[in-house]
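What follows is a single structure, written as structure tokens, with notes after it.
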Amino acid sequence: MAGELSEIGIAAPRDLLPALMVGPREIELLTRAIPPHTDDFPTVEYESGRVLNRDGVWYQTFVLLARNLTPFPSAVQGRSLDLAGADRRRRSLLTDHVQWLRAQL
């Protein structure tokens, strides 16, 4: 797994922190009105065919997540981590990725 993570710039556990976009509470708030995808209610199979602009939907979803960034969890507060640096790195990575996605549309 370390090899796979290093391919995307994650060489140490501290490198995972900037990759955090949204936590469980934010996901719950963002998806509250969306019915769950289950075997007896397989909405993805029926609704995904109606998505005509899949790349645009991916871009919109990524931007939505980027706008709802989770503060770093309390589990990492007070540790010897550079949280301000991790937040700057996260925002830089997100900006770069949004620009890349926009260029793909």
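By convention in this document, the chains of the structure tokens carry letters A, B, ... by their order, each chain's residues are numbered from 1, and ligands are numbered from 1 in the order they are shown.
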request  = Go through chain A and collect every residue that DSSP, computed from the backbone, puts in alpha helix (DSSP H); the answer should be as a ChimeraX atom specification.
outcome  = /A:2-7,24-31,43-47,54-67,83-104
Selection export as a PDB file, in the first residue's frame, atoms kept: C-alpha atoms:
```
ATOM      1  CA  ALA A   2       2.902   2.393   0.713  1.00  0.00           C
ATOM      2  CA  GLY A   3       3.939   2.147  -2.919  1.00  0.00           C
ATOM      3  CA  GLU A   4       0.474   3.049  -4.152  1.00  0.00           C
ATOM      4  CA  LEU A   5       0.219   5.972  -1.754  1.00  0.00           C
ATOM      5  CA  SER A   6       3.641   7.282  -2.735  1.00  0.00           C
ATOM      6  CA  GLU A   7       2.432   7.454  -6.354  1.00  0.00           C
ATOM      7  CA  PRO A  24     -18.887  12.122   8.643  1.00  0.00           C
ATOM      8  CA  ARG A  25     -20.954  15.056   9.939  1.00  0.00           C
ATOM      9  CA  GLU A  26     -20.466  17.086   6.764  1.00  0.00           C
ATOM     10  CA  ILE A  27     -21.297  14.089   4.574  1.00  0.00           C
ATOM     11  CA  GLU A  28     -24.479  13.535   6.582  1.00  0.00           C
ATOM     12  CA  LEU A  29     -25.476  17.182   6.125  1.00  0.00           C
ATOM     13  CA  LEU A  30     -24.678  17.170   2.388  1.00  0.00           C
ATOM     14  CA  THR A  31     -26.564  13.940   1.702  1.00  0.00           C
ATOM     15  CA  THR A  43     -31.433   4.559  -7.571  1.00  0.00           C
ATOM     16  CA  VAL A  44     -27.941   4.687  -9.067  1.00  0.00           C
ATOM     17  CA  GLU A  45     -28.814   2.162 -11.779  1.00  0.00           C
ATOM     18  CA  TYR A  46     -31.918   4.103 -12.780  1.00  0.00           C
ATOM     19  CA  GLU A  47     -30.747   7.677 -12.344  1.00  0.00           C
ATOM     20  CA  ARG A  54     -20.885  13.058 -16.245  1.00  0.00           C
ATOM     21  CA  ASP A  55     -17.678  15.094 -16.237  1.00  0.00           C
ATOM     22  CA  GLY A  56     -19.629  18.208 -15.273  1.00  0.00           C
ATOM     23  CA  VAL A  57     -21.344  16.347 -12.442  1.00  0.00           C
ATOM     24  CA  TRP A  58     -17.968  15.108 -11.162  1.00  0.00           C
ATOM     25  CA  TYR A  59     -16.636  18.663 -11.242  1.00  0.00           C
ATOM     26  CA  GLN A  60     -19.722  20.031  -9.443  1.00  0.00           C
ATOM     27  CA  THR A  61     -19.452  17.323  -6.766  1.00  0.00           C
ATOM     28  CA  PHE A  62     -15.773  18.015  -6.192  1.00  0.00           C
ATOM     29  CA  VAL A  63     -16.405  21.755  -5.890  1.00  0.00           C
ATOM     30  CA  LEU A  64     -19.254  21.067  -3.431  1.00  0.00           C
ATOM     31  CA  LEU A  65     -16.919  18.985  -1.266  1.00  0.00           C
ATOM     32  CA  ALA A  66     -14.158  21.594  -1.511  1.00  0.00           C
ATOM     33  CA  ARG A  67     -16.578  24.301  -0.350  1.00  0.00           C
ATOM     34  CA  LEU A  83      -2.053  21.997  11.117  1.00  0.00           C
ATOM     35  CA  ALA A  84      -1.735  25.405   9.486  1.00  0.00           C
ATOM     36  CA  GLY A  85       0.759  23.982   7.003  1.00  0.00           C
ATOM     37  CA  ALA A  86      -1.485  20.972   6.365  1.00  0.00           C
ATOM     38  CA  ASP A  87      -4.424  23.302   5.727  1.00  0.00           C
ATOM     39  CA  ARG A  88      -2.375  25.426   3.302  1.00  0.00           C
ATOM     40  CA  ARG A  89      -1.260  22.249   1.502  1.00  0.00           C
ATOM     41  CA  ARG A  90      -4.846  20.975   1.363  1.00  0.00           C
ATOM     42  CA  ARG A  91      -6.138  24.236  -0.116  1.00  0.00           C
ATOM     43  CA  SER A  92      -3.315  24.304  -2.651  1.00  0.00           C
ATOM     44  CA  LEU A  93      -4.011  20.714  -3.719  1.00  0.00           C
ATOM     45  CA  LEU A  94      -7.745  21.451  -4.014  1.00  0.00           C
ATOM     46  CA  THR A  95      -7.142  24.591  -6.082  1.00  0.00           C
ATOM     47  CA  ASP A  96      -4.825  22.683  -8.411  1.00  0.00           C
ATOM     48  CA  HIS A  97      -7.307  19.840  -8.783  1.00  0.00           C
ATOM     49  CA  VAL A  98     -10.284  22.129  -9.430  1.00  0.00           C
ATOM     50  CA  GLN A  99      -8.292  23.897 -12.146  1.00  0.00           C
ATOM     51  CA  TRP A 100      -7.331  20.548 -13.681  1.00  0.00           C
ATOM     52  CA  LEU A 101     -10.943  19.349 -13.612  1.00  0.00           C
ATOM     53  CA  ARG A 102     -12.192  22.594 -15.128  1.00  0.00           C
ATOM     54  CA  ALA A 103      -9.678  22.219 -17.977  1.00  0.00           C
ATOM     55  CA  GLN A 104     -11.054  18.706 -18.670  1.00  0.00           C
TER      56      GLN A 104
END
```
request  = Excluding A:Leu20 and residues on its chain fewer than 5 positions from it, collect all residues at most 9 Å away from it, counting only C-alpha atoms, and give them as a VMD selection string.
outcome  = chain A and resid 69 to 72 90
Output of the above residues as a compact mmCIF listing (two decimals), in the first residue's frame, restricted to N, CA and C atoms:
```txt
# COMPACT_ATOMS: atom_id res chain seq x y z
N LEU A 69 -15.21 22.01 3.33
CA LEU A 69 -14.07 21.37 3.99
C LEU A 69 -14.31 21.19 5.48
N THR A 70 -13.92 20.04 5.96
CA THR A 70 -14.00 19.73 7.37
C THR A 70 -12.79 20.31 8.09
N PRO A 71 -13.01 20.96 9.23
CA PRO A 71 -11.84 21.32 10.03
C PRO A 71 -11.13 20.02 10.43
N PHE A 72 -9.85 20.10 10.63
CA PHE A 72 -9.13 18.89 11.02
C PHE A 72 -9.70 18.36 12.32
N ARG A 90 -3.54 21.48 1.81
CA ARG A 90 -4.85 20.98 1.36
C ARG A 90 -5.49 21.96 0.40
```
